Structures are given as C-alpha cells and as structure tokens.
$ cat work.cif   # mmCIF, C-alpha atoms
data_upload
loop_
_atom_site.group_PDB
_atom_site.id
_atom_site.type_symbol
_atom_site.label_atom_id
_atom_site.label_comp_id
_atom_site.auth_asym_id
_atom_site.auth_seq_id
_atom_site.Cartn_x
_atom_site.Cartn_y
_atom_site.Cartn_z
ATOM 1 C CA MET A 1 19.184 32.388 -15.627
ATOM 2 C CA ALA A 2 21.975 30.053 -16.744
ATOM 3 C CA ALA A 3 23.330 30.329 -20.270
ATOM 4 C CA GLY A 4 21.716 27.906 -22.657
ATOM 5 C CA GLU A 5 18.487 27.911 -20.642
ATOM 6 C CA SER A 6 16.689 30.374 -22.885
ATOM 7 C CA ASN A 7 13.266 29.250 -24.006
ATOM 8 C CA TYR A 8 13.315 28.687 -27.782
ATOM 9 C CA LEU A 9 9.707 29.836 -28.136
ATOM 10 C CA GLY A 10 9.539 33.599 -28.002
ATOM 11 C CA GLY A 11 11.424 33.817 -24.726
ATOM 12 C CA PHE A 12 8.434 33.570 -22.365
ATOM 13 C CA TYR A 13 9.078 31.891 -19.033
ATOM 14 C CA PHE A 14 6.197 31.080 -16.666
ATOM 15 C CA ARG A 15 5.751 30.479 -12.956
ATOM 16 C CA PHE A 16 2.734 28.934 -11.269
ATOM 17 C CA LEU A 17 1.136 31.199 -8.612
ATOM 18 C CA PRO A 18 -0.642 28.794 -6.221
ATOM 19 C CA GLN A 19 -1.165 31.594 -3.675
ATOM 20 C CA ARG A 20 -3.376 33.537 -6.129
ATOM 21 C CA THR A 21 -6.872 32.311 -5.299
ATOM 22 C CA PHE A 22 -10.126 33.214 -7.011
ATOM 23 C CA SER A 23 -12.825 34.015 -4.467
ATOM 24 C CA SER A 24 -15.392 34.340 -7.277
ATOM 25 C CA LEU A 25 -15.346 30.539 -7.591
ATOM 26 C CA SER A 26 -14.961 29.570 -3.945
ATOM 27 C CA THR A 27 -17.332 31.530 -1.684
ATOM 28 C CA ARG A 28 -20.098 29.500 -0.084
ATOM 29 C CA GLU A 29 -22.835 31.185 -2.105
ATOM 30 C CA ILE A 30 -21.061 30.725 -5.445
ATOM 31 C CA THR A 31 -20.161 27.118 -4.606
ATOM 32 C CA SER A 32 -23.806 26.341 -3.954
ATOM 33 C CA ARG A 33 -24.805 27.958 -7.275
ATOM 34 C CA LEU A 34 -22.131 26.058 -9.199
ATOM 35 C CA ARG A 35 -23.409 22.858 -7.572
ATOM 36 C CA GLN A 36 -26.944 23.629 -8.760
ATOM 37 C CA TRP A 37 -25.637 24.357 -12.270
ATOM 38 C CA SER A 38 -23.697 21.041 -12.367
ATOM 39 C CA MET A 39 -20.358 22.870 -12.723
ATOM 40 C CA LEU A 40 -18.909 22.390 -9.233
ATOM 41 C CA GLY A 41 -15.670 20.397 -9.265
ATOM 42 C CA ARG A 42 -15.409 20.888 -13.043
ATOM 43 C CA ILE A 43 -14.551 24.592 -13.193
ATOM 44 C CA GLN A 44 -11.435 26.260 -11.869
ATOM 45 C CA ALA A 45 -9.116 29.207 -12.302
ATOM 46 C CA GLN A 46 -5.314 29.193 -11.989
ATOM 47 C CA ALA A 47 -2.776 31.998 -12.231
ATOM 48 C CA PHE A 48 0.720 32.025 -13.727
ATOM 49 C CA SER A 49 3.228 34.855 -14.037
ATOM 50 C CA PHE A 50 5.514 35.470 -17.018
ATOM 51 C CA ASP A 51 8.732 37.402 -17.486
ATOM 52 C CA GLN A 52 8.515 39.309 -20.784
ATOM 53 C CA THR A 53 6.598 42.210 -22.264
ATOM 54 C CA PHE A 54 3.452 40.849 -23.886
ATOM 55 C CA GLN A 55 1.782 42.240 -27.012
ATOM 56 C CA PRO A 56 -1.520 40.706 -28.212
ATOM 57 C CA TYR A 57 -0.040 39.910 -31.649
ATOM 58 C CA GLN A 58 2.322 37.465 -29.871
ATOM 59 C CA LYS A 59 -0.573 35.348 -28.626
ATOM 60 C CA ASP A 60 0.356 32.195 -30.586
ATOM 61 C CA ASP A 61 4.001 32.215 -29.463
ATOM 62 C CA PHE A 62 2.887 33.044 -25.915
ATOM 63 C CA VAL A 63 0.391 30.173 -25.695
ATOM 64 C CA MET A 64 2.765 27.664 -27.299
ATOM 65 C CA ALA A 65 5.544 28.697 -24.875
ATOM 66 C CA PHE A 66 3.023 28.289 -22.029
ATOM 67 C CA PHE A 67 2.236 24.665 -22.923
ATOM 68 C CA LYS A 68 5.948 23.832 -23.327
ATOM 69 C CA ASP A 69 7.044 25.469 -20.066
ATOM 70 C CA PRO A 70 8.408 23.130 -17.345
ATOM 71 C CA ASN A 71 6.597 25.163 -14.665
ATOM 72 C CA VAL A 72 3.250 24.866 -16.477
ATOM 73 C CA ILE A 73 3.294 21.177 -17.453
ATOM 74 C CA PRO A 74 3.119 19.766 -13.863
ATOM 75 C CA ASN A 75 0.731 22.487 -12.600
ATOM 76 C CA LEU A 76 -1.895 23.194 -15.281
ATOM 77 C CA GLN A 77 -5.048 21.328 -14.271
ATOM 78 C CA LEU A 78 -7.547 19.626 -16.546
ATOM 79 C CA LEU A 79 -10.152 16.900 -16.151
ATOM 80 C CA SER A 80 -9.226 13.458 -17.436
ATOM 81 C CA ASP A 81 -11.641 12.128 -20.062
ATOM 82 C CA SER A 82 -11.187 8.578 -18.822
ATOM 83 C CA SER A 83 -11.195 8.897 -15.015
ATOM 84 C CA GLY A 84 -13.093 12.179 -14.575
ATOM 85 C CA GLN A 85 -10.398 13.208 -12.048
ATOM 86 C CA TRP A 86 -8.263 16.354 -12.112
ATOM 87 C CA THR A 87 -4.917 15.673 -13.736
ATOM 88 C CA THR A 88 -2.106 17.471 -15.599
ATOM 89 C CA LEU A 89 -1.264 17.506 -19.277
ATOM 90 C CA GLY A 90 0.597 14.234 -19.776
ATOM 91 C CA THR A 91 1.298 14.765 -23.458
ATOM 92 C CA GLU A 92 3.394 16.959 -25.734
ATOM 93 C CA VAL A 93 1.539 19.835 -27.328
ATOM 94 C CA LYS A 94 2.272 20.079 -31.073
ATOM 95 C CA LYS A 95 -0.155 22.811 -32.105
ATOM 96 C CA ILE A 96 -2.285 25.467 -30.421
ATOM 97 C CA GLU A 97 -5.238 27.639 -31.330
ATOM 98 C CA ALA A 98 -5.726 30.984 -29.554
ATOM 99 C CA ILE A 99 -8.764 32.984 -30.628
ATOM 100 C CA ASN A 100 -9.078 36.646 -29.656
ATOM 101 C CA VAL A 101 -12.068 37.256 -27.389
ATOM 102 C CA PRO A 102 -13.156 40.909 -27.196
ATOM 103 C CA CYS A 103 -13.180 42.239 -23.638
ATOM 104 C CA THR A 104 -14.501 45.809 -23.547
ATOM 105 C CA GLN A 105 -17.504 45.764 -21.202
ATOM 106 C CA LEU A 106 -17.167 47.813 -18.026
ATOM 107 C CA SER A 107 -20.704 47.528 -16.725
ATOM 108 C CA MET A 108 -23.534 45.055 -16.266
ATOM 109 C CA SER A 109 -25.882 47.518 -18.010
ATOM 110 C CA PHE A 110 -24.895 45.452 -21.059
ATOM 111 C CA PHE A 111 -27.656 43.029 -19.947
ATOM 112 C CA GLN A 112 -30.318 45.678 -19.262
ATOM 113 C CA ARG A 113 -31.981 44.844 -22.592
ATOM 114 C CA LEU A 114 -33.069 41.463 -21.170
ATOM 115 C CA TYR A 115 -35.610 43.474 -19.156
ATOM 116 C CA SER A 116 -36.662 45.907 -21.892
ATOM 117 C CA GLU A 117 -37.164 43.034 -24.341
ATOM 118 C CA ASN A 118 -39.347 41.127 -21.851
ATOM 119 C CA ILE A 119 -36.993 38.165 -21.609
ATOM 120 C CA VAL A 120 -36.820 38.894 -17.879
ATOM 121 C CA ARG A 121 -39.653 40.532 -15.917
ATOM 122 C CA GLU A 122 -39.072 43.653 -13.842
ATOM 123 C CA SER A 123 -39.168 41.399 -10.768
ATOM 124 C CA GLY A 124 -36.138 39.522 -12.119
ATOM 125 C CA HIS A 125 -38.136 36.398 -13.023
ATOM 126 C CA ILE A 126 -37.035 34.758 -16.286
ATOM 127 C CA VAL A 127 -40.007 34.451 -18.658
ATOM 128 C CA LYS A 128 -40.939 30.805 -19.339
ATOM 129 C CA CYS A 129 -41.781 29.386 -22.766
ATOM 130 C CA LEU A 130 -42.876 26.064 -24.257
ATOM 131 C CA ASP A 131 -40.158 23.427 -24.010
ATOM 132 C CA SER A 132 -38.011 22.881 -27.059
ATOM 133 C CA PHE A 133 -34.642 21.263 -27.599
ATOM 134 C CA CYS A 134 -31.397 22.708 -28.920
ATOM 135 C CA ASP A 135 -29.107 19.703 -28.605
ATOM 136 C CA PRO A 136 -27.967 19.000 -25.902
ATOM 137 C CA PHE A 137 -29.808 21.832 -24.116
ATOM 138 C CA LEU A 138 -33.429 21.914 -23.021
ATOM 139 C CA ILE A 139 -34.950 25.329 -23.676
ATOM 140 C CA SER A 140 -37.795 26.127 -21.298
ATOM 141 C CA ASP A 141 -37.458 29.904 -20.976
ATOM 142 C CA LYS A 142 -36.855 32.977 -23.110
ATOM 143 C CA LEU A 143 -33.358 33.485 -21.710
ATOM 144 C CA ARG A 144 -32.059 30.198 -23.102
ATOM 145 C CA LYS A 145 -33.934 30.919 -26.321
ATOM 146 C CA VAL A 146 -32.055 34.209 -26.774
ATOM 147 C CA LEU A 147 -28.761 32.497 -25.903
ATOM 148 C CA LEU A 148 -29.109 29.489 -28.204
ATOM 149 C CA MET A 149 -31.776 29.733 -30.888
ATOM 150 C CA GLU A 150 -30.561 31.744 -33.845
ATOM 151 C CA ASP A 151 -34.005 31.713 -35.460
ATOM 152 C CA SER A 152 -35.831 33.006 -32.357
ATOM 153 C CA GLU A 153 -37.404 36.456 -32.668
ATOM 154 C CA LYS A 154 -35.276 37.937 -29.855
ATOM 155 C CA TYR A 155 -31.907 36.555 -30.982
ATOM 156 C CA GLU A 156 -30.991 39.906 -32.562
ATOM 157 C CA VAL A 157 -31.192 41.627 -29.159
ATOM 158 C CA PHE A 158 -27.433 40.895 -28.892
ATOM 159 C CA SER A 159 -25.369 41.438 -32.039
ATOM 160 C CA LEU A 160 -22.893 38.796 -33.197
ATOM 161 C CA LEU A 161 -20.018 40.982 -31.990
ATOM 162 C CA GLU A 162 -21.633 41.449 -28.551
ATOM 163 C CA ARG A 163 -22.039 37.678 -28.280
ATOM 164 C CA GLU A 164 -18.267 37.345 -28.686
ATOM 165 C CA GLU A 165 -17.613 39.566 -25.639
ATOM 166 C CA PHE A 166 -15.956 37.800 -22.707
ATOM 167 C CA LEU A 167 -18.646 39.039 -20.306
ATOM 168 C CA PHE A 168 -21.424 37.654 -22.536
ATOM 169 C CA ARG A 169 -19.588 34.332 -22.907
ATOM 170 C CA LEU A 170 -19.191 33.976 -19.118
ATOM 171 C CA PHE A 171 -22.862 34.755 -18.577
ATOM 172 C CA LYS A 172 -23.920 32.255 -21.262
ATOM 173 C CA HIS A 173 -21.631 29.507 -19.905
ATOM 174 C CA LEU A 174 -23.142 29.923 -16.428
ATOM 175 C CA CYS A 175 -26.707 29.916 -17.770
ATOM 176 C CA LEU A 176 -26.128 26.683 -19.717
ATOM 177 C CA GLY A 177 -24.140 24.939 -16.969
ATOM 178 C CA GLY A 178 -23.161 21.262 -16.843
ATOM 179 C CA SER A 179 -25.017 18.135 -17.882
ATOM 180 C CA LEU A 180 -27.382 17.982 -14.873
ATOM 181 C CA CYS A 181 -27.883 21.753 -14.641
ATOM 182 C CA GLN A 182 -30.900 22.940 -12.629
ATOM 183 C CA TYR A 183 -31.922 26.244 -14.135
ATOM 184 C CA GLU A 184 -32.636 29.345 -12.072
ATOM 185 C CA ASP A 185 -36.046 31.049 -12.108
ATOM 186 C CA MET A 186 -34.426 34.428 -11.409
ATOM 187 C CA ILE A 187 -31.780 36.239 -13.449
ATOM 188 C CA LYS A 188 -29.841 37.628 -10.471
ATOM 189 C CA PRO A 189 -27.648 34.580 -9.634
ATOM 190 C CA TYR A 190 -26.392 34.415 -13.248
ATOM 191 C CA LEU A 191 -25.664 38.142 -13.497
ATOM 192 C CA GLU A 192 -24.019 38.311 -10.061
ATOM 193 C CA THR A 193 -21.809 35.273 -10.621
ATOM 194 C CA ALA A 194 -20.755 36.397 -14.116
ATOM 195 C CA LYS A 195 -19.856 39.823 -12.711
ATOM 196 C CA LEU A 196 -17.796 38.380 -9.834
ATOM 197 C CA ILE A 197 -15.829 35.995 -12.067
ATOM 198 C CA TYR A 198 -15.267 38.739 -14.663
ATOM 199 C CA LYS A 199 -13.967 41.161 -12.018
ATOM 200 C CA ASP A 200 -11.769 38.436 -10.529
ATOM 201 C CA LEU A 201 -10.123 37.592 -13.870
ATOM 202 C CA VAL A 202 -9.972 40.884 -15.789
ATOM 203 C CA SER A 203 -7.632 43.771 -14.889
ATOM 204 C CA VAL A 204 -8.553 47.456 -15.173
ATOM 205 C CA ARG A 205 -6.696 50.701 -14.577
ATOM 206 C CA LYS A 206 -7.428 54.422 -14.578
ATOM 207 C CA HIS A 207 -5.993 56.131 -17.623
ATOM 208 C CA PRO A 208 -3.321 58.473 -16.194
ATOM 209 C CA ARG A 209 -4.493 61.472 -18.220
ATOM 210 C CA THR A 210 -8.237 61.062 -18.856
ATOM 211 C CA LYS A 211 -8.877 59.175 -15.554
ATOM 212 C CA GLU A 212 -11.203 56.871 -17.497
ATOM 213 C CA ILE A 213 -11.333 53.230 -16.427
ATOM 214 C CA GLN A 214 -9.731 50.994 -19.054
ATOM 215 C CA ILE A 215 -9.517 47.217 -19.363
ATOM 216 C CA THR A 216 -5.873 46.196 -19.679
ATOM 217 C CA SER A 217 -6.356 42.425 -20.096
ATOM 218 C CA SER A 218 -6.356 40.517 -23.367
ATOM 219 C CA VAL A 219 -8.524 37.383 -23.518
ATOM 220 C CA PHE A 220 -7.993 34.304 -25.699
ATOM 221 C CA LYS A 221 -10.008 31.127 -26.050
ATOM 222 C CA VAL A 222 -7.403 28.376 -26.173
ATOM 223 C CA LYS A 223 -7.185 24.831 -27.529
ATOM 224 C CA ALA A 224 -4.133 22.587 -27.728
ATOM 225 C CA TYR A 225 -3.403 19.535 -29.872
ATOM 226 C CA ASP A 226 -0.970 16.650 -29.480
ATOM 227 C CA SER A 227 0.005 14.119 -32.155
ATOM 228 C CA ALA A 228 -3.369 12.347 -31.718
ATOM 229 C CA GLY A 229 -5.512 15.493 -31.999
ATOM 230 C CA LEU A 230 -7.266 17.808 -29.545
ATOM 231 C CA CYS A 231 -5.945 17.307 -25.990
ATOM 232 C CA TYR A 232 -6.864 20.530 -24.133
ATOM 233 C CA PRO A 233 -9.219 21.649 -22.620
ATOM 234 C CA SER A 234 -10.470 18.116 -23.416
ATOM 235 C CA ALA A 235 -10.256 15.601 -26.243
ATOM 236 C CA LYS A 236 -14.035 15.955 -26.594
ATOM 237 C CA GLU A 237 -15.376 19.188 -28.114
ATOM 238 C CA HIS A 238 -18.387 20.768 -26.404
ATOM 239 C CA GLU A 239 -19.810 24.278 -26.343
ATOM 240 C CA GLN A 240 -19.499 24.193 -22.535
ATOM 241 C CA THR A 241 -15.926 22.848 -22.419
ATOM 242 C CA PHE A 242 -13.538 25.782 -22.578
ATOM 243 C CA SER A 243 -10.320 27.394 -21.474
ATOM 244 C CA TYR A 244 -9.861 31.171 -21.502
ATOM 245 C CA PHE A 245 -6.461 32.793 -20.988
ATOM 246 C CA VAL A 246 -6.807 36.295 -19.496
ATOM 247 C CA VAL A 247 -3.461 38.046 -19.902
ATOM 248 C CA ASP A 248 -2.549 41.107 -17.835
ATOM 249 C CA PRO A 249 0.441 42.675 -19.642
ATOM 250 C CA ILE A 250 1.136 45.154 -16.828
ATOM 251 C CA LYS A 251 1.260 42.715 -13.901
ATOM 252 C CA ARG A 252 2.534 40.026 -16.271
ATOM 253 C CA HIS A 253 0.007 37.497 -15.041
ATOM 254 C CA VAL A 254 -2.153 35.074 -17.005
ATOM 255 C CA ASN A 255 -5.359 33.777 -15.427
ATOM 256 C CA VAL A 256 -6.615 30.505 -16.875
ATOM 257 C CA LEU A 257 -10.354 29.806 -16.542
ATOM 258 C CA TYR A 258 -11.172 26.176 -17.304
ATOM 259 C CA HIS A 259 -14.396 24.172 -17.426
ATOM 260 C CA CYS A 260 -15.125 20.690 -18.738
ATOM 261 C CA TYR A 261 -18.774 19.805 -19.430
ATOM 262 C CA GLY A 262 -20.137 16.864 -17.460
ATOM 263 C CA VAL A 263 -21.854 15.952 -14.189
ATOM 264 C CA GLY A 264 -20.753 18.309 -11.432
ATOM 265 C CA GLU A 265 -20.412 17.480 -7.728
ATOM 266 C CA MET A 266 -23.719 16.790 -6.007
ATOM 267 C CA ALA A 267 -24.730 17.806 -2.494
#

$ encode --input "work.cif" --output "structure tokens"
Amino acid sequence: MAAGESNYLGGFYFRFLPQRTFSSLSTREITSRLRQWSMLGRIQAQAFSFDQTFQPYQKDDFVMAFFKDPNVIPNLQLLSDSSGQWTTLGTEVKKIEAINVPCTQLSMSFFQRLYSENIVRESGHIVKCLDSFCDPFLISDKLRKVLLMEDSEKYEVFSLLEREEFLFRLFKHLCLGGSLCQYEDMIKPYLETAKLIYKDLVSVRKHPRTKEIQITSSVFKVKAYDSAGLCYPSAKEHEQTFSYFVVDPIKRHVNVLYHCYGVGEMA
C-alpha cells in the first residue's frame, strides 16, 4: 500500500467479493418462496473482505470506514426509493448507527415452543385466528399474533432478549414478508428458509479444546445518514427494511444482508 494511502477511519480497508454467492437466497425453491412472500428482487446478500483484526467494540469505526471505502461505494447495492431499481450509494455518509444483534442460537429447537404452545399444530399447520390489523400487517393466524401483538396472550412465549436474536429476527422478517406477501399455511418453509440463510451468513467453529461448536460472527443492524437524513438501507423507515452486517473476525469477511420493503417480483 502506497504511503499516504492509509484510511483515516480506524485503518479498515475493504474489498468486494463478487465470487462469494449465497445459495440460501438463490436456489429454485427459495426463489419461489421469496416470490410468494413479496421479497424476491428486494432482498440480497453481498460479501466484502477487510484487512485488520476486528473487535466488536470497534463496530462504529468499522461501519463508518465501510461506507467511506472506495471499494464499497461503487459495489454496495440498495434499492432506489424513486425508481425502485437496484443502485449504489450516491451520497456521502455523515453518520452511522450500528446496533449489536445477539447471535447465539445453534439449533432450530429454539422454535419448538411454537408447537408446545399450540401456535403451530403437530402437523406443521399454523393455527388460524380471527383477522385483526397491526399496521401495516394483517394478522390472520397465531404465528403473526405472537410475532407482532405485544398484548396477545402468547407474546411472552419468546422473551424480549430472545426476540433480539438474529435467528428470531430472520424468521420474523420472512414471516412478515413484503407488501403483497402471501402467507404460508405451514410453518416449514419459514423455518427452513431462516435456517438456510442463517447458516449461509453466520460462521461457526469447533472450540480447539472443548470441541464445542461456537459462533464466531458478530451481527449488527446498520443504518447510515447523509446530510439530508437517513439514506441506508432506505430513506423510508420500515420494520421490514433492514441491513444486517455479519462480521467474521477470523476469515475477515463481512456479509451484508439487505431487504427493502415493497412489492416483490411477480411470477
């Protein structure tokens, strides 16, 4: 690296990794599910590498350096609010927000309680309920009730801390979908897709001594602001518009999972 080229923000340099693909978002079966959930063409994952040791306490410097990096600016994809087309960040980021997202779950047994609490039948069918509205979402089954309605009797089935977990967030995002989402009658497509995306994004290793499987990734929910205000993941806030940075400090990779709420690609 030439003298005088050092990055003034914490010394992180990034490279785009176009060859790193995410099969969890591109197989035929997943594509057809994302289409049904009105997320197809509005969700994507991208990978970047970085060149320094990363510690979670450096998250703010790391994310700010990311948005300022000349290899990120022309490659990081987002959906344009005006055209609805994929574009890159054509503005200077002035401020970022990176919120720690706990990522400790190693098994889908985390969701077993949906069965024991009769939110899902043994057959895998999601139990229906009378329609109600939790703006902008229609609630017509007990699953969406437990995800959205804080005053519902089953809301406590997942603690507030468990609801923060990256695996829970992925599952919830898939269940709620885009603006023309067609809901599933069965739980399996949601659980399977959440598991595949989670495994695709999150890194694990065997502890050298105890041989226990450990998650090595740190996860952050990220927003960026320019001089006019929020600019990433979108200028419009929505529960279903998000960007998660999944940082692998060993491989020195960051996986960016992005979704912008709206009407997904149709058949």

$ residues_around --input "work.cif" --residues "region 136-152 of chain A" --least-positions-apart "2" --cutoff "12 Å" --atoms "all atoms listed in the file" --output "PyMOL selection string"
chain A and resi 111+113-115+117-121+124-134+154-160+162-164+168-187+190+238-240+261-262

$ closest_residue --input "work.cif" --among "A:Ser217, A:Thr104, A:Ser227, A:Gln85" --to "Arg42 (chain A)" --atoms "all atoms listed in the file"
A:Gln85

$ closest_residue --input "work.cif" --among "A:His259, A:Lys68, A:Lys236, A:Lys199" --to "Ser23 (chain A)" --atoms "all atoms listed in the file"
A:Lys199

$ atom_distance --input "work.cif" --atom1 "CA of Lys251 (chain A)" --atom2 "CA of Ser109 (chain A)"
27.9 Å

$ atom_distance --input "work.cif" --atom1 "CA of Asn71 (chain A)" --atom2 "CA of Ser49 (chain A)"
10.3 Å

$ atom_distance --input "work.cif" --atom1 "CA of Ser107 (chain A)" --atom2 "CA of Lys195 (chain A)"
8.7 Å

$ resolve_selection --input "work.cif" --expression "the PyMOL selection byres ((chain A and resi 90) around 12)" --output "number ranges by chain"
A: 67-68, 72-80, 86-89, 91-93, 226, 231-232

$ axis_aligned_box --input "work.cif" --around "region 94-110 of chain A" --padding-each-side "3 Å" --output "AutoDock Vina command-line options"
--center_x -11.8 --center_y 33.9 --center_z -24.2 --size_x 34.2 --size_y 33.7 --size_z 21.8

$ residues_around --input "work.cif" --residues "Ser203 (chain A)" --least-positions-apart "6" --cutoff "8 Å" --atoms "all atoms listed in the file" --output "VMD selection string"
chain A and resid 215 to 217 248

$ residues_around --input "work.cif" --residues "region 26-30 of chain A" --least-positions-apart "6" --cutoff "12 Å" --atoms "all atoms listed in the file" --output "list in words"
Gln36, Trp37, Met39, Leu40, Gly41, Ile43, Gln44, Ala45, Leu174, Pro189, Tyr190, Leu191, Glu192, Thr193, Ala194, Lys195, Leu196, Ile197 and Asp200 of chain A

$ resolve_selection --input "work.cif" --expression "the PyMOL selection byres ((chain A and resi 246) around 8)" --output "ChimeraX atom specification"
/A:201-202,217-220,244-245,247-248,254-257

$ resolve_selection --input "work.cif" --expression "the PyMOL selection byres ((chain A and resi 52) around 9)" --output "PyMOL selection string"
chain A and resi 11-13+50-51+53-54+249+252

$ closest_residue --input "work.cif" --among "A:His253, A:Glu212, A:Ala267, A:Ser116" --to "Phe16 (chain A)" --atoms "all atoms listed in the file"
A:His253

$ decode --input "work.cif" --residues "region 151-228 of chain A" --atoms "C-alpha atoms" --output "PDB file, in the first residue's frame"
ATOM      1  CA  ASP A 151     -50.760  -7.674  24.237  1.00  0.00           C
ATOM      2  CA  SER A 152     -51.556 -11.166  22.893  1.00  0.00           C
ATOM      3  CA  GLU A 153     -51.627 -13.965  25.470  1.00  0.00           C
ATOM      4  CA  LYS A 154     -48.788 -15.901  23.789  1.00  0.00           C
ATOM      5  CA  TYR A 155     -46.409 -12.969  23.268  1.00  0.00           C
ATOM      6  CA  GLU A 156     -44.398 -13.972  26.352  1.00  0.00           C
ATOM      7  CA  VAL A 157     -43.513 -17.325  24.751  1.00  0.00           C
ATOM      8  CA  PHE A 158     -40.365 -15.547  23.460  1.00  0.00           C
ATOM      9  CA  SER A 159     -38.615 -13.208  25.896  1.00  0.00           C
ATOM     10  CA  LEU A 160     -37.560  -9.725  24.798  1.00  0.00           C
ATOM     11  CA  LEU A 161     -33.934 -10.882  24.667  1.00  0.00           C
ATOM     12  CA  GLU A 162     -34.836 -13.927  22.532  1.00  0.00           C
ATOM     13  CA  ARG A 163     -36.697 -11.637  20.133  1.00  0.00           C
ATOM     14  CA  GLU A 164     -33.449  -9.719  19.606  1.00  0.00           C
ATOM     15  CA  GLU A 165     -31.625 -12.873  18.436  1.00  0.00           C
ATOM     16  CA  PHE A 166     -30.511 -12.814  14.800  1.00  0.00           C
ATOM     17  CA  LEU A 167     -32.192 -16.169  14.123  1.00  0.00           C
ATOM     18  CA  PHE A 168     -35.519 -14.904  15.516  1.00  0.00           C
ATOM     19  CA  ARG A 169     -35.231 -11.676  13.505  1.00  0.00           C
ATOM     20  CA  LEU A 170     -34.600 -13.599  10.258  1.00  0.00           C
ATOM     21  CA  PHE A 171     -37.561 -15.870  10.929  1.00  0.00           C
ATOM     22  CA  LYS A 172     -39.825 -12.898  11.718  1.00  0.00           C
ATOM     23  CA  HIS A 173     -38.706 -10.953   8.619  1.00  0.00           C
ATOM     24  CA  LEU A 174     -39.530 -13.947   6.405  1.00  0.00           C
ATOM     25  CA  CYS A 175     -42.918 -14.480   8.062  1.00  0.00           C
ATOM     26  CA  LEU A 176     -43.910 -10.829   7.553  1.00  0.00           C
ATOM     27  CA  GLY A 177     -42.507 -10.546   4.019  1.00  0.00           C
ATOM     28  CA  GLY A 178     -43.088  -7.704   1.553  1.00  0.00           C
ATOM     29  CA  SER A 179     -46.150  -5.610   0.814  1.00  0.00           C
ATOM     30  CA  LEU A 180     -48.030  -8.250  -1.228  1.00  0.00           C
ATOM     31  CA  CYS A 181     -46.938 -11.194   0.932  1.00  0.00           C
ATOM     32  CA  GLN A 182     -48.979 -14.398   0.583  1.00  0.00           C
ATOM     33  CA  TYR A 183     -48.739 -16.154   3.914  1.00  0.00           C
ATOM     34  CA  GLU A 184     -47.911 -19.836   4.276  1.00  0.00           C
ATOM     35  CA  ASP A 185     -50.324 -22.295   5.907  1.00  0.00           C
ATOM     36  CA  MET A 186     -47.412 -24.445   7.104  1.00  0.00           C
ATOM     37  CA  ILE A 187     -44.501 -23.440   9.331  1.00  0.00           C
ATOM     38  CA  LYS A 188     -41.853 -25.486   7.498  1.00  0.00           C
ATOM     39  CA  PRO A 189     -40.999 -23.052   4.644  1.00  0.00           C
ATOM     40  CA  TYR A 190     -40.321 -20.245   7.159  1.00  0.00           C
ATOM     41  CA  LEU A 191     -38.183 -22.395   9.458  1.00  0.00           C
ATOM     42  CA  GLU A 192     -36.245 -23.990   6.588  1.00  0.00           C
ATOM     43  CA  THR A 193     -35.524 -20.700   4.830  1.00  0.00           C
ATOM     44  CA  ALA A 194     -34.496 -18.936   8.058  1.00  0.00           C
ATOM     45  CA  LYS A 195     -32.142 -21.825   8.854  1.00  0.00           C
ATOM     46  CA  LEU A 196     -30.539 -21.802   5.385  1.00  0.00           C
ATOM     47  CA  ILE A 197     -29.959 -18.033   5.370  1.00  0.00           C
ATOM     48  CA  TYR A 198     -28.625 -18.128   8.947  1.00  0.00           C
ATOM     49  CA  LYS A 199     -26.177 -20.930   8.102  1.00  0.00           C
ATOM     50  CA  ASP A 200     -25.118 -19.117   4.930  1.00  0.00           C
ATOM     51  CA  LEU A 201     -24.329 -15.858   6.759  1.00  0.00           C
ATOM     52  CA  VAL A 202     -23.073 -16.904  10.204  1.00  0.00           C
ATOM     53  CA  SER A 203     -19.684 -18.562  10.825  1.00  0.00           C
ATOM     54  CA  VAL A 204     -19.065 -21.290  13.409  1.00  0.00           C
ATOM     55  CA  ARG A 205     -16.003 -23.194  14.565  1.00  0.00           C
ATOM     56  CA  LYS A 206     -15.166 -26.048  16.917  1.00  0.00           C
ATOM     57  CA  HIS A 207     -13.507 -24.820  20.078  1.00  0.00           C
ATOM     58  CA  PRO A 208      -9.978 -26.297  19.902  1.00  0.00           C
ATOM     59  CA  ARG A 209     -10.054 -27.580  23.482  1.00  0.00           C
ATOM     60  CA  THR A 210     -13.690 -28.335  24.376  1.00  0.00           C
ATOM     61  CA  LYS A 211     -14.672 -29.295  20.773  1.00  0.00           C
ATOM     62  CA  GLU A 212     -17.927 -27.396  21.314  1.00  0.00           C
ATOM     63  CA  ILE A 213     -19.397 -25.581  18.321  1.00  0.00           C
ATOM     64  CA  GLN A 214     -19.132 -21.813  18.766  1.00  0.00           C
ATOM     65  CA  ILE A 215     -20.495 -18.927  16.712  1.00  0.00           C
ATOM     66  CA  THR A 216     -17.632 -16.636  15.725  1.00  0.00           C
ATOM     67  CA  SER A 217     -19.639 -13.954  13.878  1.00  0.00           C
ATOM     68  CA  SER A 218     -20.766 -10.630  15.298  1.00  0.00           C
ATOM     69  CA  VAL A 219     -24.018  -9.194  13.912  1.00  0.00           C
ATOM     70  CA  PHE A 220     -25.016  -5.524  13.688  1.00  0.00           C
ATOM     71  CA  LYS A 221     -28.168  -3.878  12.408  1.00  0.00           C
ATOM     72  CA  VAL A 222     -26.925  -0.904  10.412  1.00  0.00           C
ATOM     73  CA  LYS A 223     -28.306   2.464   9.316  1.00  0.00           C
ATOM     74  CA  ALA A 224     -26.461   5.303   7.606  1.00  0.00           C
ATOM     75  CA  TYR A 225     -27.264   9.008   7.335  1.00  0.00           C
ATOM     76  CA  ASP A 226     -26.175  11.694   4.885  1.00  0.00           C
ATOM     77  CA  SER A 227     -26.604  15.457   5.299  1.00  0.00           C
ATOM     78  CA  ALA A 228     -30.336  15.129   4.475  1.00  0.00           C
TER      79      ALA A 228
END
